[in-house]
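Colleague: My questions all concern the structure below.
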Amino acid sequence: MPDDPGTLLTAAGGQTPQQKDQKFPDPNTPPTRQQARAERIASLHLKYIPAGWKVLPLARHDKVLLGIKDLYNPITVGTIAISAGYSHLTNGQPNFGTNGDAFAQRFGAAYARDASEGLLTDAVFAPLLHEDPRYYVEGPDYSIAHRTLYALTRPFVTRADNGHTTANTALLFGYAGASALSYTYYPRSNRNLHDTAATFGSGVGGAALGFAVTEFAVPLLQKLHLAPR
């Protein structure tokens, strides 16, 4: 897969070849909102970068804030509710049952799992491993097949802080850690190696599906003026 789209204004270890031919604002002086909109420079705390937008490098604290901000994203909460509802209807893992209290337990467990996945990936391992936790939308300049393949591989491939393609170790470590933490709040029947491995696999699969939805949803939201454009 090619490097993720988007232009990095500056990066650890120097500029990319594309940067040397372009003039960008001083990354140490954040652009005003008007400048950012005019030059299509993404906010430091925007996790899903629209196609063609430039980005500033993320400091450690920016990655921490990125992970925290995602905890109360309405889309994230809605997705968790849908996941918990499906699990409740099918009595799937985690096996809390199907009584009146089970849905609340499933929602709480799903939120705890999602929160730990996001925080461990964005706020812990991404800074430690010098990886960029943002998702870069390719957009309609690419074929549907290419965009789908690109999105589905993002749990395994990402961008390093220097702009180069690298293995998405931060996400894999973060999701593995979150799966291990599920021992503290999953029912006793789910506290075993098989179910922990299944939790990890479903988490990575869910991330891939989420990236695919994001890839096609962001351009649509831009057309509806619900996302920056």
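Residues are named by chain letter and number: chains run A, B, ... in the order of the structure tokens, numbers start at 1 in each chain, and ligands are numbered from 1 in the order shown.
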Skipping near chain neighbours, those fewer than 4 positions away, what residues fall within 12 Å of Ala207 of chain A using only C-alpha atoms, listed as a PDB file with N, CA and C atoms, in the first residue's frame?
Modeller:
ATOM      1  N   THR A  76     -19.051   7.800  18.346  1.00  0.00           N
ATOM      2  CA  THR A  76     -18.484   6.690  19.097  1.00  0.00           C
ATOM      3  C   THR A  76     -19.518   6.100  20.051  1.00  0.00           C
ATOM      4  N   THR A  79     -22.182   4.184  18.137  1.00  0.00           N
ATOM      5  CA  THR A  79     -21.672   2.906  17.651  1.00  0.00           C
ATOM      6  C   THR A  79     -21.615   1.876  18.771  1.00  0.00           C
ATOM      7  N   ASP A 114     -14.018   0.023  24.440  1.00  0.00           N
ATOM      8  CA  ASP A 114     -13.709   1.023  23.414  1.00  0.00           C
ATOM      9  C   ASP A 114     -12.806   2.113  23.971  1.00  0.00           C
ATOM     10  N   GLU A 117      -9.302   0.767  24.451  1.00  0.00           N
ATOM     11  CA  GLU A 117      -8.644   0.599  23.148  1.00  0.00           C
ATOM     12  C   GLU A 117      -8.131   1.939  22.635  1.00  0.00           C
ATOM     13  N   GLY A 118      -9.003   2.966  22.689  1.00  0.00           N
ATOM     14  CA  GLY A 118      -8.617   4.282  22.180  1.00  0.00           C
ATOM     15  C   GLY A 118      -7.518   4.930  22.975  1.00  0.00           C
ATOM     16  N   THR A 121      -4.150   3.047  22.582  1.00  0.00           N
ATOM     17  CA  THR A 121      -3.586   3.254  21.239  1.00  0.00           C
ATOM     18  C   THR A 121      -3.079   4.677  21.053  1.00  0.00           C
ATOM     19  N   TYR A 135      -6.467   8.978  11.019  1.00  0.00           N
ATOM     20  CA  TYR A 135      -6.855   8.276   9.791  1.00  0.00           C
ATOM     21  C   TYR A 135      -6.947   9.289   8.662  1.00  0.00           C
ATOM     22  N   ALA A 151      -8.712   1.202   3.560  1.00  0.00           N
ATOM     23  CA  ALA A 151      -9.332   1.346   4.874  1.00  0.00           C
ATOM     24  C   ALA A 151      -9.207   0.068   5.699  1.00  0.00           C
ATOM     25  N   LEU A 152      -9.450  -1.065   5.075  1.00  0.00           N
ATOM     26  CA  LEU A 152      -9.440  -2.331   5.799  1.00  0.00           C
ATOM     27  C   LEU A 152      -8.047  -2.725   6.286  1.00  0.00           C
ATOM     28  N   THR A 153      -7.005  -2.165   5.671  1.00  0.00           N
ATOM     29  CA  THR A 153      -5.639  -2.495   6.103  1.00  0.00           C
ATOM     30  C   THR A 153      -5.080  -1.506   7.121  1.00  0.00           C
ATOM     31  N   ARG A 154      -5.818  -0.439   7.437  1.00  0.00           N
ATOM     32  CA  ARG A 154      -5.278   0.574   8.366  1.00  0.00           C
ATOM     33  C   ARG A 154      -5.049   0.055   9.780  1.00  0.00           C
ATOM     34  N   PRO A 155      -5.760  -0.993  10.270  1.00  0.00           N
ATOM     35  CA  PRO A 155      -5.384  -1.502  11.588  1.00  0.00           C
ATOM     36  C   PRO A 155      -3.978  -2.108  11.617  1.00  0.00           C
ATOM     37  N   PHE A 156      -3.435  -2.398  10.442  1.00  0.00           N
ATOM     38  CA  PHE A 156      -2.122  -3.027  10.366  1.00  0.00           C
ATOM     39  C   PHE A 156      -1.045  -2.115   9.791  1.00  0.00           C
ATOM     40  N   ASN A 168       1.176  -0.685  12.126  1.00  0.00           N
ATOM     41  CA  ASN A 168       0.342  -0.019  13.120  1.00  0.00           C
ATOM     42  C   ASN A 168       0.474  -0.756  14.463  1.00  0.00           C
ATOM     43  N   LEU A 171      -1.812   0.457  17.500  1.00  0.00           N
ATOM     44  CA  LEU A 171      -3.186  -0.038  17.553  1.00  0.00           C
ATOM     45  C   LEU A 171      -3.215  -1.491  18.002  1.00  0.00           C
ATOM     46  N   LEU A 172      -2.334  -2.322  17.458  1.00  0.00           N
ATOM     47  CA  LEU A 172      -2.354  -3.740  17.817  1.00  0.00           C
ATOM     48  C   LEU A 172      -2.005  -3.939  19.288  1.00  0.00           C
ATOM     49  N   GLY A 174      -2.414  -1.627  21.628  1.00  0.00           N
ATOM     50  CA  GLY A 174      -3.499  -1.028  22.387  1.00  0.00           C
ATOM     51  C   GLY A 174      -4.696  -1.949  22.496  1.00  0.00           C
ATOM     52  N   TYR A 175      -5.057  -2.601  21.396  1.00  0.00           N
ATOM     53  CA  TYR A 175      -6.202  -3.501  21.409  1.00  0.00           C
ATOM     54  C   TYR A 175      -5.891  -4.770  22.196  1.00  0.00           C
ATOM     55  N   PHE A 200      -9.949  -9.597  21.157  1.00  0.00           N
ATOM     56  CA  PHE A 200      -8.927  -8.897  20.377  1.00  0.00           C
ATOM     57  C   PHE A 200      -9.259  -8.937  18.888  1.00  0.00           C
ATOM     58  N   GLY A 201      -9.629 -10.111  18.384  1.00  0.00           N
ATOM     59  CA  GLY A 201      -9.937 -10.241  16.960  1.00  0.00           C
ATOM     60  C   GLY A 201     -11.125  -9.403  16.548  1.00  0.00           C
ATOM     61  N   SER A 202     -12.164  -9.413  17.376  1.00  0.00           N
ATOM     62  CA  SER A 202     -13.350  -8.621  17.036  1.00  0.00           C
ATOM     63  C   SER A 202     -13.049  -7.129  17.124  1.00  0.00           C
ATOM     64  N   GLY A 203     -12.151  -6.748  18.041  1.00  0.00           N
ATOM     65  CA  GLY A 203     -11.773  -5.341  18.153  1.00  0.00           C
ATOM     66  C   GLY A 203     -11.048  -4.848  16.910  1.00  0.00           C
ATOM     67  N   PHE A 211     -12.949   2.104   9.951  1.00  0.00           N
ATOM     68  CA  PHE A 211     -12.160   2.890   9.002  1.00  0.00           C
ATOM     69  C   PHE A 211     -12.836   2.906   7.624  1.00  0.00           C
ATOM     70  N   ALA A 212     -13.409   1.763   7.232  1.00  0.00           N
ATOM     71  CA  ALA A 212     -14.086   1.702   5.934  1.00  0.00           C
ATOM     72  C   ALA A 212     -15.296   2.635   5.914  1.00  0.00           C
ATOM     73  N   VAL A 213     -16.058   2.640   7.004  1.00  0.00           N
ATOM     74  CA  VAL A 213     -17.202   3.546   7.086  1.00  0.00           C
ATOM     75  C   VAL A 213     -16.730   4.996   7.037  1.00  0.00           C
ATOM     76  N   THR A 214     -15.658   5.291   7.782  1.00  0.00           N
ATOM     77  CA  THR A 214     -15.117   6.653   7.816  1.00  0.00           C
ATOM     78  C   THR A 214     -14.650   7.099   6.434  1.00  0.00           C
TER      79      THR A 214
END
Colleague: Could you pull out the residues in segment 102-179 of chain A that DSSP calls helix (DSSP H, G or I) from the backbone, as a VMD selection string?
Modeller: chain A and resid 102 to 129 144 to 153 169 to 179
Colleague: Measuring atom to atom with only C-alpha atoms, identify which of A:Asn95, A:Ser116, A:Ser83, A:Thr165 is nearest to Asn190 of chain A.
Modeller: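 Smallest separation from Asn190 of chain A among the options: A:Asn95.
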Colleague: Find the residues near Phe107 of chain A: any atom within 9 Å, counting only C-alpha atoms, skip ones fewer than 2 places away on the same chain, and give them as number ranges by chain.
Modeller: A: 80-81, 83-85, 102-105, 109-112
Colleague: Emit the selected residues as a compact mmCIF listing (two decimals), in the first residue's frame, including N, CA and C atoms.
Modeller:
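This is the output file selection-v5.txt:
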# COMPACT_ATOMS: atom_id res chain seq x y z
N ILE A 80 -21.20 2.32 19.95
CA ILE A 80 -21.14 1.42 21.11
C ILE A 80 -22.54 0.93 21.47
N ALA A 81 -23.52 1.82 21.44
CA ALA A 81 -24.90 1.44 21.76
C ALA A 81 -25.42 0.40 20.77
N SER A 83 -23.59 -1.71 18.99
CA SER A 83 -22.85 -2.95 19.25
C SER A 83 -23.42 -3.68 20.46
N ALA A 84 -23.69 -2.93 21.54
CA ALA A 84 -24.25 -3.53 22.75
C ALA A 84 -25.64 -4.09 22.49
N GLY A 85 -26.44 -3.38 21.69
CA GLY A 85 -27.78 -3.84 21.36
C GLY A 85 -27.76 -5.13 20.57
N ALA A 102 -29.09 -6.62 31.71
CA ALA A 102 -28.00 -7.09 30.85
C ALA A 102 -27.55 -6.04 29.85
N PHE A 103 -28.53 -5.31 29.27
CA PHE A 103 -28.14 -4.31 28.26
C PHE A 103 -27.25 -3.23 28.87
N ALA A 104 -27.60 -2.75 30.06
CA ALA A 104 -26.78 -1.74 30.72
C ALA A 104 -25.38 -2.28 30.98
N GLN A 105 -25.30 -3.55 31.38
CA GLN A 105 -24.00 -4.16 31.61
C GLN A 105 -23.21 -4.27 30.31
N ALA A 109 -19.72 -2.42 29.47
CA ALA A 109 -18.54 -3.19 29.07
C ALA A 109 -18.01 -2.75 27.71
N ALA A 110 -18.95 -2.48 26.77
CA ALA A 110 -18.54 -2.04 25.44
C ALA A 110 -17.85 -0.68 25.50
N TYR A 111 -18.39 0.21 26.34
CA TYR A 111 -17.78 1.53 26.47
C TYR A 111 -16.40 1.42 27.11
N ALA A 112 -16.27 0.58 28.15
CA ALA A 112 -14.97 0.39 28.80
C ALA A 112 -13.95 -0.18 27.84
Colleague: Using atom CA of Ser143 of chain A and atom CA of Pro57 of chain A as the two end points, give the distance in Å to one decimal.
Modeller: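 These atoms are spaced 28.2 Å apart.
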